[in-house]
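**Student:** Below is the file run22.csv, which contains CSV, C-alpha atoms.
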```csv
chain,number,residue,atom,x,y,z
A,1,MET,CA,49.3,-96.0,-212.1
A,2,ILE,CA,46.0,-96.5,-214.0
A,3,GLU,CA,44.0,-93.3,-213.8
A,4,THR,CA,40.3,-93.5,-213.0
A,5,PRO,CA,37.7,-90.8,-212.9
A,6,PRO,CA,35.8,-90.1,-209.7
A,7,LEU,CA,33.8,-93.2,-208.9
A,8,VAL,CA,30.1,-94.0,-209.0
A,9,ASP,CA,29.4,-96.2,-206.0
A,10,GLN,CA,26.4,-98.0,-207.5
A,11,TYR,CA,25.3,-99.7,-204.3
A,12,CYS,CA,25.7,-98.6,-200.7
A,13,HIS,CA,23.8,-97.6,-197.6
A,14,GLY,CA,24.0,-94.6,-195.3
A,15,VAL,CA,26.4,-94.2,-192.3
A,16,LEU,CA,25.7,-94.2,-188.6
A,17,ARG,CA,25.3,-90.7,-187.1
A,18,THR,CA,26.3,-91.9,-183.6
A,19,GLU,CA,29.7,-92.1,-181.9
A,20,LEU,CA,31.1,-95.6,-181.6
A,21,GLY,CA,33.2,-97.3,-179.0
A,22,LEU,CA,35.6,-100.2,-179.7
A,23,GLY,CA,33.0,-103.0,-179.2
A,24,THR,CA,30.3,-101.2,-181.2
A,25,PHE,CA,32.7,-100.3,-184.0
A,26,GLU,CA,33.9,-103.9,-184.3
A,27,ALA,CA,30.3,-105.2,-184.4
A,28,GLN,CA,29.7,-103.1,-187.5
A,29,LEU,CA,33.0,-104.0,-189.1
A,30,VAL,CA,32.4,-107.7,-189.8
A,31,ARG,CA,29.1,-109.6,-190.1
A,32,SER,CA,29.2,-112.3,-187.4
A,33,ALA,CA,26.7,-114.2,-185.3
A,34,GLY,CA,29.0,-114.1,-182.3
A,35,PRO,CA,32.1,-112.6,-180.8
A,36,PRO,CA,35.6,-112.9,-182.3
A,37,ALA,CA,37.9,-115.8,-181.3
A,38,ALA,CA,39.4,-115.6,-177.8
A,39,GLY,CA,42.4,-113.3,-177.8
A,40,THR,CA,41.5,-111.6,-181.1
A,41,THR,CA,39.3,-108.8,-182.4
A,42,PHE,CA,37.4,-108.3,-185.6
A,43,PHE,CA,40.2,-106.1,-186.7
A,44,ASP,CA,42.0,-109.4,-187.2
A,45,THR,CA,40.3,-109.9,-190.6
A,46,GLN,CA,41.1,-108.8,-194.1
A,47,THR,CA,38.5,-106.1,-193.7
A,48,GLY,CA,40.1,-104.9,-190.5
A,49,PHE,CA,43.5,-104.9,-191.9
A,50,ALA,CA,42.2,-103.0,-195.0
A,51,VAL,CA,40.6,-100.4,-192.7
A,52,ARG,CA,43.9,-99.9,-190.8
A,53,ARG,CA,45.8,-99.6,-194.1
A,54,TRP,CA,43.7,-97.1,-196.0
A,55,CYS,CA,41.7,-95.1,-193.4
A,56,PRO,CA,44.2,-93.7,-190.9
A,57,PRO,CA,45.9,-91.4,-193.5
A,58,LEU,CA,42.6,-89.9,-194.2
A,59,LEU,CA,42.3,-89.0,-190.5
A,60,GLY,CA,45.8,-87.7,-190.2
A,61,LEU,CA,47.5,-90.9,-188.9
A,62,GLU,CA,50.1,-93.2,-190.3
A,63,PRO,CA,49.0,-96.3,-192.2
A,64,HIS,CA,48.5,-99.4,-190.1
A,65,ALA,CA,47.8,-97.5,-187.0
A,66,THR,CA,46.7,-99.7,-184.1
A,67,PRO,CA,42.9,-100.1,-183.6
A,68,VAL,CA,43.1,-98.3,-180.2
A,69,ARG,CA,45.0,-95.3,-181.8
A,70,TYR,CA,42.7,-95.2,-184.8
A,71,LEU,CA,39.5,-95.2,-182.7
A,72,ALA,CA,40.9,-92.6,-180.4
A,73,ARG,CA,41.5,-90.3,-183.3
A,74,ARG,CA,38.0,-91.1,-184.6
A,75,ARG,CA,36.5,-90.0,-181.3
A,76,GLU,CA,38.7,-86.9,-181.3
A,77,LEU,CA,37.3,-85.8,-184.7
A,78,GLY,CA,33.7,-86.9,-184.0
A,79,ALA,CA,31.4,-89.0,-186.1
A,80,ALA,CA,30.4,-86.3,-188.6
A,81,GLU,CA,33.9,-85.1,-189.3
A,82,THR,CA,35.2,-88.6,-189.5
A,83,ALA,CA,32.6,-89.5,-192.1
A,84,ARG,CA,33.3,-86.3,-194.0
A,85,ARG,CA,37.1,-87.0,-194.3
A,86,LEU,CA,36.7,-90.7,-195.1
A,87,LEU,CA,34.0,-90.2,-197.8
A,88,ARG,CA,35.7,-87.2,-199.5
A,89,GLY,CA,39.0,-89.0,-199.4
A,90,SER,CA,37.6,-91.9,-201.3
A,91,ARG,CA,36.9,-89.7,-204.4
A,92,VAL,CA,33.4,-90.9,-205.1
A,93,ALA,CA,31.4,-88.6,-207.4
A,94,ALA,CA,28.0,-90.3,-206.9
A,95,TYR,CA,26.3,-92.7,-204.6
A,96,LEU,CA,23.3,-94.9,-205.2
A,97,VAL,CA,21.9,-95.4,-201.7
A,98,ASP,CA,19.7,-98.3,-200.6
A,99,THR,CA,17.5,-96.7,-198.0
A,100,GLY,CA,15.8,-99.9,-196.9
A,101,VAL,CA,18.1,-100.7,-194.0
A,102,ALA,CA,17.0,-100.0,-190.4
A,103,GLY,CA,19.0,-97.8,-188.1
A,104,ASP,CA,20.0,-94.2,-187.5
A,105,LEU,CA,21.6,-93.8,-190.9
A,106,THR,CA,22.2,-90.8,-193.1
A,107,GLY,CA,19.9,-90.6,-196.1
A,108,PRO,CA,21.0,-89.8,-199.6
A,109,LYS,CA,21.1,-86.0,-199.2
A,110,GLU,CA,23.2,-86.3,-196.0
A,111,LEU,CA,25.6,-88.7,-197.6
A,112,ALA,CA,25.9,-86.5,-200.6
A,113,LEU,CA,26.7,-83.5,-198.4
A,114,ALA,CA,29.3,-85.4,-196.3
A,115,GLY,CA,31.0,-86.8,-199.4
A,116,ASP,CA,30.7,-83.7,-201.6
A,117,ALA,CA,29.0,-85.9,-204.2
A,118,GLU,CA,25.7,-86.6,-205.8
A,119,ALA,CA,23.4,-89.2,-204.3
A,120,PHE,CA,20.5,-91.1,-205.7
A,121,GLU,CA,18.0,-93.4,-204.0
A,122,THR,CA,17.5,-97.1,-204.7
A,123,VAL,CA,14.1,-98.2,-203.3
A,124,ARG,CA,14.0,-101.5,-201.6
A,125,LEU,CA,10.9,-103.5,-202.7
A,126,GLU,CA,10.4,-105.3,-199.4
A,127,LEU,CA,10.3,-102.1,-197.4
A,128,LEU,CA,8.0,-100.5,-199.9
A,129,ALA,CA,5.5,-103.4,-199.4
A,130,GLU,CA,5.8,-103.1,-195.6
A,131,GLN,CA,5.2,-99.4,-195.7
A,132,VAL,CA,2.1,-99.9,-197.9
A,133,ALA,CA,0.8,-102.7,-195.6
A,134,ASP,CA,0.9,-100.3,-192.7
A,135,THR,CA,-1.7,-98.1,-194.4
A,136,SER,CA,-3.9,-100.7,-196.1
A,137,GLY,CA,-6.7,-102.5,-194.3
A,138,THR,CA,-7.6,-105.2,-196.9
A,139,VAL,CA,-5.9,-107.4,-199.4
A,140,ALA,CA,-7.5,-105.5,-202.3
A,141,ALA,CA,-6.5,-102.1,-200.8
A,142,PHE,CA,-2.9,-103.4,-200.2
A,143,LEU,CA,-2.4,-104.6,-203.8
A,144,ALA,CA,-3.9,-101.4,-205.3
A,145,ASN,CA,-1.8,-99.2,-203.0
A,146,LEU,CA,1.3,-101.3,-203.7
A,147,ALA,CA,0.9,-100.8,-207.5
A,148,GLU,CA,0.5,-97.1,-206.9
A,149,ALA,CA,3.6,-97.0,-204.6
A,150,VAL,CA,5.8,-98.8,-207.1
A,151,HIS,CA,4.7,-96.4,-209.9
A,152,HIS,CA,5.3,-93.3,-207.6
A,153,ALA,CA,8.8,-94.6,-206.5
A,154,ALA,CA,9.8,-95.3,-210.1
A,155,ALA,CA,9.3,-91.6,-210.9
A,156,GLY,CA,12.0,-90.5,-208.4
A,157,ALA,CA,14.4,-93.3,-207.8
A,158,ALA,CA,17.4,-94.4,-209.7
A,159,ALA,CA,16.7,-98.1,-209.3
A,160,PHE,CA,14.7,-100.7,-207.3
A,161,THR,CA,16.5,-103.3,-205.2
A,162,CYS,CA,15.5,-106.6,-203.7
A,163,ALA,CA,17.5,-108.2,-200.9
A,164,THR,CA,15.7,-111.5,-200.2
A,165,ALA,CA,14.1,-113.0,-203.3
A,166,PHE,CA,17.0,-115.2,-204.2
A,167,ASP,CA,18.2,-115.9,-200.6
A,168,ARG,CA,15.0,-117.7,-199.7
A,169,VAL,CA,14.7,-120.4,-202.3
A,170,SER,CA,14.5,-123.6,-200.3
A,171,ALA,CA,12.5,-126.8,-200.8
A,172,PHE,CA,9.6,-125.1,-199.2
A,173,ASP,CA,9.9,-122.1,-201.5
A,174,ARG,CA,10.0,-124.4,-204.5
A,175,THR,CA,6.8,-126.0,-203.4
A,176,THR,CA,4.9,-122.9,-202.6
A,177,ALA,CA,6.2,-120.6,-205.4
A,178,PHE,CA,6.9,-122.9,-208.2
A,179,GLY,CA,5.2,-126.2,-207.4
A,180,HIS,CA,8.3,-128.4,-207.9
A,181,PRO,CA,9.8,-129.3,-204.5
A,182,ASP,CA,12.6,-131.5,-205.9
A,183,GLY,CA,12.9,-130.5,-209.6
A,184,PRO,CA,14.3,-127.5,-211.3
A,185,VAL,CA,12.5,-124.2,-211.2
A,186,THR,CA,10.3,-124.0,-214.3
A,187,SER,CA,8.0,-121.1,-213.5
A,188,PRO,CA,9.8,-117.8,-213.1
A,189,GLU,CA,7.0,-116.0,-214.8
A,190,PRO,CA,4.7,-113.4,-213.0
A,191,PRO,CA,2.3,-115.1,-210.5
A,192,GLY,CA,-1.3,-115.0,-211.4
A,193,PRO,CA,-3.8,-112.7,-209.7
A,194,GLY,CA,-5.2,-115.4,-207.5
A,195,GLU,CA,-1.8,-116.5,-206.3
A,196,VAL,CA,-0.9,-112.9,-205.5
A,197,ARG,CA,-4.1,-112.3,-203.6
A,198,GLY,CA,-3.5,-115.5,-201.6
A,199,ALA,CA,0.1,-114.7,-200.8
A,200,ALA,CA,-0.8,-111.1,-199.8
A,201,GLY,CA,-3.6,-112.4,-197.5
A,202,ARG,CA,-1.3,-114.8,-195.8
A,203,TRP,CA,1.3,-112.2,-195.3
A,204,LEU,CA,-1.0,-109.5,-194.0
A,205,ALA,CA,-2.6,-112.0,-191.6
A,206,GLY,CA,0.8,-112.9,-190.2
A,207,ARG,CA,2.4,-109.5,-190.0
A,208,ALA,CA,1.8,-109.3,-186.2
A,209,ARG,CA,4.2,-112.3,-185.9
A,210,GLY,CA,7.1,-110.7,-187.7
A,211,GLY,CA,6.3,-108.4,-190.6
A,212,ALA,CA,9.1,-109.0,-193.1
A,213,VAL,CA,8.2,-110.0,-196.7
A,214,GLN,CA,9.1,-113.7,-197.0
A,215,ASP,CA,6.4,-115.3,-199.0
A,216,PRO,CA,8.1,-116.2,-202.3
A,217,VAL,CA,5.0,-115.6,-204.4
A,218,LEU,CA,4.7,-112.1,-203.0
A,219,LEU,CA,8.4,-111.5,-203.6
A,220,ARG,CA,8.0,-112.7,-207.2
A,221,HIS,CA,5.1,-110.2,-207.6
A,222,LEU,CA,7.3,-107.4,-206.3
A,223,LEU,CA,10.1,-108.4,-208.7
A,224,TRP,CA,7.8,-108.3,-211.7
A,225,SER,CA,6.2,-105.1,-210.6
A,226,ALA,CA,9.7,-103.6,-210.7
A,227,VAL,CA,10.4,-105.1,-214.1
A,228,ALA,CA,7.3,-103.5,-215.4
A,229,SER,CA,8.4,-100.1,-214.2
A,230,GLY,CA,11.4,-100.1,-216.5
A,231,LEU,CA,13.9,-98.9,-213.8
A,232,PRO,CA,17.1,-100.9,-213.3
A,233,LEU,CA,16.6,-103.7,-210.8
A,234,GLN,CA,19.4,-104.6,-208.3
A,235,LEU,CA,19.2,-108.2,-207.1
A,236,HIS,CA,21.1,-109.6,-204.1
A,237,THR,CA,22.1,-113.0,-205.3
A,238,GLY,CA,22.9,-114.6,-201.9
A,239,ALA,CA,24.4,-118.0,-201.4
A,240,GLY,CA,21.3,-120.2,-202.2
A,241,ASP,CA,20.4,-122.3,-205.2
A,242,PRO,CA,21.5,-120.4,-208.3
A,243,ALA,CA,18.8,-121.9,-210.6
A,244,PRO,CA,15.9,-119.5,-209.7
A,245,LEU,CA,18.1,-116.5,-210.4
A,246,THR,CA,19.2,-117.9,-213.8
A,247,GLU,CA,15.6,-118.7,-214.7
A,248,PHE,CA,14.4,-115.2,-213.7
A,249,VAL,CA,17.2,-113.7,-215.8
A,250,ARG,CA,16.1,-115.8,-218.8
A,251,ALA,CA,12.4,-114.8,-218.3
A,252,THR,CA,13.2,-111.1,-218.2
A,253,ALA,CA,15.4,-111.0,-221.3
A,254,GLY,CA,14.2,-108.6,-224.0
A,255,LEU,CA,11.8,-106.7,-221.7
A,256,GLY,CA,13.9,-103.6,-221.5
A,257,THR,CA,14.7,-103.8,-217.7
A,258,ARG,CA,18.4,-104.0,-216.8
A,259,LEU,CA,19.3,-106.4,-214.0
A,260,VAL,CA,22.3,-105.6,-211.8
A,261,LEU,CA,23.5,-108.7,-209.8
A,262,LEU,CA,24.8,-107.8,-206.3
A,263,GLY,CA,26.7,-110.1,-203.9
A,264,GLY,CA,29.9,-110.7,-202.1
A,265,HIS,CA,32.8,-113.1,-202.5
A,266,PRO,CA,32.8,-116.1,-202.2
A,267,HIS,CA,29.1,-116.4,-203.0
A,268,ARG,CA,28.8,-117.0,-206.7
A,269,HIS,CA,30.8,-114.0,-208.1
A,270,ARG,CA,31.8,-116.2,-211.0
A,271,HIS,CA,28.2,-117.1,-211.7
A,272,ARG,CA,27.2,-113.4,-211.7
A,273,ALA,CA,29.9,-112.6,-214.2
A,274,GLN,CA,28.9,-115.5,-216.4
A,275,LEU,CA,25.3,-114.3,-216.4
A,276,ALA,CA,26.4,-110.8,-217.4
A,277,ALA,CA,28.4,-112.3,-220.2
A,278,ALA,CA,25.5,-114.4,-221.5
A,279,PHE,CA,22.6,-111.9,-221.3
A,280,PRO,CA,22.5,-108.4,-222.8
A,281,HIS,CA,20.4,-107.0,-220.0
A,282,VAL,CA,22.5,-108.3,-217.1
A,283,TYR,CA,25.3,-106.5,-215.2
A,284,ALA,CA,27.6,-107.7,-212.4
A,285,ASP,CA,28.7,-105.7,-209.4
A,286,THR,CA,32.2,-105.8,-208.1
A,287,GLY,CA,30.7,-105.1,-204.7
A,288,ALA,CA,31.8,-105.4,-201.1
A,289,ALA,CA,33.8,-108.5,-202.0
A,290,LEU,CA,36.9,-106.4,-202.7
A,291,GLY,CA,36.8,-104.7,-199.3
A,292,ARG,CA,36.2,-108.0,-197.5
A,293,THR,CA,39.1,-109.7,-199.3
A,294,GLY,CA,41.5,-106.8,-198.7
A,295,ALA,CA,44.9,-107.8,-199.8
A,296,GLY,CA,43.4,-110.5,-202.0
A,297,ALA,CA,41.1,-108.2,-203.9
A,298,ALA,CA,43.1,-108.1,-207.1
A,299,ALA,CA,42.6,-111.8,-207.6
A,300,VAL,CA,38.8,-111.5,-207.2
A,301,LEU,CA,38.7,-108.5,-209.5
A,302,ALA,CA,40.8,-110.3,-212.1
A,303,GLU,CA,38.3,-113.2,-212.1
A,304,LEU,CA,35.5,-110.8,-212.8
A,305,LEU,CA,37.4,-109.2,-215.6
A,306,GLU,CA,38.2,-112.5,-217.1
A,307,LEU,CA,34.6,-113.6,-217.3
A,308,ALA,CA,32.4,-110.6,-217.8
A,309,PRO,CA,32.5,-108.1,-220.7
A,310,PHE,CA,34.1,-104.9,-219.5
A,311,GLY,CA,31.0,-102.9,-220.2
A,312,LYS,CA,29.0,-105.1,-217.8
A,313,LEU,CA,31.0,-104.6,-214.6
A,314,LEU,CA,30.0,-101.8,-212.1
A,315,PHE,CA,31.9,-100.7,-209.1
A,316,SER,CA,30.3,-100.5,-205.7
A,317,SER,CA,31.6,-100.4,-202.2
A,318,GLY,CA,28.6,-102.2,-200.7
A,319,GLY,CA,29.4,-99.9,-197.7
A,320,GLY,CA,27.0,-99.2,-194.9
A,321,ARG,CA,26.9,-98.0,-191.3
A,322,LEU,CA,30.7,-97.3,-191.1
A,323,PRO,CA,32.1,-94.7,-193.5
A,324,GLU,CA,35.3,-96.8,-193.3
A,325,LEU,CA,33.6,-99.5,-195.4
A,326,HIS,CA,32.7,-96.9,-198.1
A,327,ALA,CA,36.3,-95.6,-198.1
A,328,VAL,CA,37.9,-99.1,-198.1
A,329,GLY,CA,35.6,-100.3,-200.8
A,330,ALA,CA,36.7,-97.4,-203.1
A,331,LEU,CA,40.4,-97.3,-202.2
A,332,VAL,CA,40.9,-101.1,-202.4
A,333,PHE,CA,39.0,-101.1,-205.7
A,334,ARG,CA,41.3,-98.5,-207.2
A,335,GLU,CA,44.4,-100.3,-205.9
A,336,ALA,CA,43.3,-103.7,-207.2
A,337,LEU,CA,42.2,-102.3,-210.6
A,338,GLY,CA,45.6,-100.6,-211.0
A,339,ARG,CA,47.4,-103.8,-210.0
A,340,VAL,CA,45.4,-106.0,-212.4
A,341,LEU,CA,45.3,-103.7,-215.4
A,342,GLY,CA,48.8,-102.4,-214.8
A,343,GLY,CA,50.1,-105.9,-214.7
A,344,TRP,CA,48.5,-106.7,-218.1
A,345,VAL,CA,50.0,-103.5,-219.5
A,346,ALA,CA,53.5,-104.4,-218.1
A,347,GLU,CA,53.5,-107.8,-219.7
A,348,GLY,CA,52.4,-106.3,-223.1
A,349,SER,CA,48.9,-107.8,-223.2
A,350,TRP,CA,47.2,-104.4,-223.0
A,351,SER,CA,48.0,-100.8,-224.0
A,352,TRP,CA,47.9,-98.0,-221.4
A,353,ARG,CA,45.1,-96.4,-223.5
A,354,ASP,CA,42.9,-99.5,-223.3
A,355,ALA,CA,43.6,-100.0,-219.6
A,356,GLU,CA,42.6,-96.5,-218.7
A,357,ARG,CA,39.5,-96.7,-221.0
A,358,VAL,CA,38.4,-100.0,-219.3
A,359,ALA,CA,39.2,-98.5,-215.8
A,360,ALA,CA,36.9,-95.6,-216.5
A,361,MET,CA,34.1,-97.8,-217.7
A,362,VAL,CA,34.1,-100.0,-214.6
A,363,ALA,CA,34.8,-97.1,-212.2
A,364,ALA,CA,32.0,-94.9,-213.3
A,365,GLY,CA,31.0,-95.0,-217.0
A,366,ASN,CA,29.0,-98.2,-216.9
A,367,ALA,CA,27.0,-97.1,-213.9
A,368,ARG,CA,26.2,-93.7,-215.4
A,369,ARG,CA,24.9,-95.5,-218.5
A,370,VAL,CA,22.9,-98.2,-216.7
A,371,TYR,CA,21.2,-95.8,-214.3
A,372,ARG,CA,21.1,-92.9,-216.8
A,373,LEU,CA,22.7,-90.6,-214.2
A,374,ASP,CA,23.7,-87.9,-216.8
A,375,ARG,CA,20.2,-87.5,-218.4
A,376,PRO,CA,18.9,-83.9,-218.1
```
Just give me the structure of the file as structure tokens.
**Tutor:**
Amino acid sequence: MIETPPLVDQYCHGVLRTELGLGTFEAQLVRSAGPPAAGTTFFDTQTGFAVRRWCPPLLGLEPHATPVRYLARRRELGAAETARRLLRGSRVAAYLVDTGVAGDLTGPKELALAGDAEAFETVRLELLAEQVADTSGTVAAFLANLAEAVHHAAAGAAAFTCATAFDRVSAFDRTTAFGHPDGPVTSPEPPGPGEVRGAAGRWLAGRARGGAVQDPVLLRHLLWSAVASGLPLQLHTGAGDPAPLTEFVRATAGLGTRLVLLGGHPHRHRHRAQLAAAFPHVYADTGAALGRTGAGAAAVLAELLELAPFGKLLFSSGGGRLPELHAVGALVFREALGRVLGGWVAEGSWSWRDAERVAAMVAAGNARRVYRLDRP
């Protein structure tokens, strides 16, 4: 086995405090717009099988326990004790928690207590803008208060994160944000003051109809505000056009801000790894892809290790709402990493010493360096 230190989970969310029934649990297990196929459940997925493989032993059951048996044991223990056992059993030393997700979720301090670990906050830019908008009456006040909020958040957070900027690049976005509806994105630079005021005014005027930050100019302003702070910036890369992300990466090179590219398989994990290889300030997340691919996780991880420098890959579970997803993310990662690196050692391509050194980098060391977690 390849030994790894306690992990740094560099991107996750809190867990639900409430008890869950079968239907409610399944709804959190897999992202879906509708119910499972007739005669099946969402346990009939790679994620569901991974939960049944790795989580039951942490709750005192045999591996591969049936969903009914597993959930009965979960109810018997209660939500808090279940979370405590699952989180501590995953051997995570530190969590970076995106607190921008709605719901009755544990915050960083509660997650740290449950997991017997450290926890640090990553501030979601879109939520920060929404909170500022609620206390700002005019466009000028909103922009001034937003600048102050970003500065204040940067003093206490480990990173900023943006969930939507690169999911929303469509033909409309190209026209409004970049002025090129059919051609390549050629203007990833910070928007001008007039553009920002116009975008803020449109968004503030329309907040009664929805509220979420969707205007691409305003999103671009948020991104560049985060870049100016100097904190690492986590970017959800989504499944949209990859050109805007690539152009933003190029535009931010040499500015001192580290970009960490988040995303799940099969959405552009190879592209993220290639960007990490090409740009010194870019890092790639192993992410929730491993938990979602379950038994196939080793193949996905091997691709990342083939494309990105080893000092540019960071572990995360991507877990949220269910502590099972945090645990599965960690345990599947360890198993996949051991299988991949151990295989290379067995065939003589790597030494054990090098394998364990790389494992420690991806598991924790890279994240501690990128986010400066060990600074006094």
**Student:** I'd like to know which of A:Leu59, A:Val92, A:Leu146, A:Ile2 is closest to Trp344 (chain A), using all atoms listed in the file.
**Tutor:**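 The closest residue to Trp344 (chain A) is A:Ile2.
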**Student:** Between CA of Pro191 (chain A) and CA of Tyr283 (chain A), measure the distance and give it in Å to one decimal.
**Tutor:**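 CA of Pro191 (chain A) sits 25.0 Å away from CA of Tyr283 (chain A).
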**Student:** Report, in Å to a single decimal, how far apart CA of Ala363 (chain A) and CA of Val345 (chain A) are.
**Tutor:**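 Going from CA of Val345 (chain A) over to CA of Ala363 (chain A) covers 18.0 Å.
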**Student:** Give one line per residue of region 188-210 of chain A that approaches region 110-132 of chain A to at most 10 Å, naming the two atoms of the closest pair and their distance in Å to one decimal, counting all atoms listed in the file; sort by chain then ascending residue number and deliver it as CSV.
**Tutor:**
```
residue,atom,partner,partner_atom,distance
A:Ala200,CA,A:Ala129,CA,10.0
A:Leu204,CA,A:Glu130,CA,9.5
A:Arg207,CA,A:Glu130,CA,9.2
```
**Student:** For Asp9 (chain A), work out the shell of residues within 7 Å, counting all atoms listed in the file and skipping chain neighbours fewer than 6 positions away, then give it as a list in words.
**Tutor:** Val92, Ala94, Tyr95, Leu96, Phe315, Ser316 and Ser317 of chain A
**Student:** What is the distance between CA of Leu313 (chain A) and CA of Arg369 (chain A), in Å to one decimal?
**Tutor:**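 These two atoms are separated by 11.6 Å.
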**Student:** Between A:His269, A:Tyr70, A:Pro280, A:Leu331, which residue has the minimum interatomic distance to Leu305 (chain A), considering all atoms listed in the file?
**Tutor:** A:His269
**Student:** Write out as a tab-separated table the residues of region 64-122 of chain A that have any atom within 12 Å of an atom of region 23-27 of chain A, one row each with the nearest atom pair and its distance in Å to one decimal, counting all atoms listed in the file, sorted by chain and then rising number.
**Tutor:**
```
residue	atom	partner	partner_atom	distance
A:Pro67	CA	A:Glu26	CA	9.8
A:Val68	CA	A:Gly23	CA	11.2
A:Tyr70	CA	A:Phe25	CA	11.3
A:Leu71	CA	A:Phe25	CA	8.6
A:Ala72	CA	A:Phe25	CA	11.8
A:Arg74	CA	A:Phe25	CA	10.6
A:Arg75	CA	A:Phe25	CA	11.3
A:Ala79	CA	A:Phe25	CA	11.6
```
**Student:** Could those selected residues go to a file with C-alpha atoms, as a PDB file, keeping the file's coordinate frame?
**Tutor:**
```
ATOM      1  CA  PRO A  67      42.900-100.100-183.600  1.00  0.00           C
ATOM      2  CA  VAL A  68      43.100 -98.300-180.200  1.00  0.00           C
ATOM      3  CA  TYR A  70      42.700 -95.200-184.800  1.00  0.00           C
ATOM      4  CA  LEU A  71      39.500 -95.200-182.700  1.00  0.00           C
ATOM      5  CA  ALA A  72      40.900 -92.600-180.400  1.00  0.00           C
ATOM      6  CA  ARG A  74      38.000 -91.100-184.600  1.00  0.00           C
ATOM      7  CA  ARG A  75      36.500 -90.000-181.300  1.00  0.00           C
ATOM      8  CA  ALA A  79      31.400 -89.000-186.100  1.00  0.00           C
TER       9      ALA A  79
END
```
**Student:** Given the choices A:Ala38, A:Cys162, A:Thr135, A:Gly238, which gets closest to Val213 (chain A) if the distance is worked out from only C-alpha atoms?
**Tutor:**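 Closest candidate: A:Cys162.
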**Student:** So that I can check the surroundings of Glu356 (chain A), please list as a VMD selection string every protein, DNA and RNA residue that reaches within 9 Å of it, counting all atoms listed in the file and ignoring chain neighbours fewer than 3 positions away.
**Tutor:** chain A and resid 2 to 4 341 351 to 353 359 to 361
**Student:** For the residues in that selection, give me C-alpha atoms as a PDB file, in the frame of the given file.
**Tutor:**
```pdb
ATOM      1  CA  ILE A   2      46.000 -96.500-214.000  1.00  0.00           C
ATOM      2  CA  GLU A   3      44.000 -93.300-213.800  1.00  0.00           C
ATOM      3  CA  THR A   4      40.300 -93.500-213.000  1.00  0.00           C
ATOM      4  CA  LEU A 341      45.300-103.700-215.400  1.00  0.00           C
ATOM      5  CA  SER A 351      48.000-100.800-224.000  1.00  0.00           C
ATOM      6  CA  TRP A 352      47.900 -98.000-221.400  1.00  0.00           C
ATOM      7  CA  ARG A 353      45.100 -96.400-223.500  1.00  0.00           C
ATOM      8  CA  ALA A 359      39.200 -98.500-215.800  1.00  0.00           C
ATOM      9  CA  ALA A 360      36.900 -95.600-216.500  1.00  0.00           C
ATOM     10  CA  MET A 361      34.100 -97.800-217.700  1.00  0.00           C
TER      11      MET A 361
END
```
**Student:** Pick out the closest residue to Arg357 (chain A) from this set: A:Gln274, A:Gly21, A:Phe310, A:Val15. Count all atoms listed in the file.
**Tutor:**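 Smallest separation from Arg357 (chain A) among the options: A:Phe310.
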**Student:** Applying 9 Å and all atoms listed in the file, which residues near Arg268 (chain A) remain after dropping the ones on its own chain fewer than 3 positions away? List them as a tab-separated table (two decimals) with C-alpha atoms, in the coordinates of the input.
**Tutor:**
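As written to disk, around_39.tsv reads:
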```tsv
chain	number	residue	atom	x	y	z
A	237	THR	CA	22.10	-113.00	-205.30
A	238	GLY	CA	22.90	-114.60	-201.90
A	239	ALA	CA	24.40	-118.00	-201.40
A	242	PRO	CA	21.50	-120.40	-208.30
A	263	GLY	CA	26.70	-110.10	-203.90
A	264	GLY	CA	29.90	-110.70	-202.10
A	265	HIS	CA	32.80	-113.10	-202.50
A	271	HIS	CA	28.20	-117.10	-211.70
A	272	ARG	CA	27.20	-113.40	-211.70
A	273	ALA	CA	29.90	-112.60	-214.20
```
**Student:** Between A:Ala367, A:Val227, A:Ala355, A:Leu143, which one has atoms that come closest to Ala199 (chain A), using all atoms listed in the file?
**Tutor:**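 Of all the options, A:Leu143 lies closest to Ala199 (chain A).
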**Student:** Which residue, A:Gly201, A:Pro193, A:Gly311, A:Gly48, has the smallest gap to Ala277 (chain A) when you use only C-alpha atoms?
**Tutor:**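 Selected residue with least distance to Ala277 (chain A): A:Gly311.
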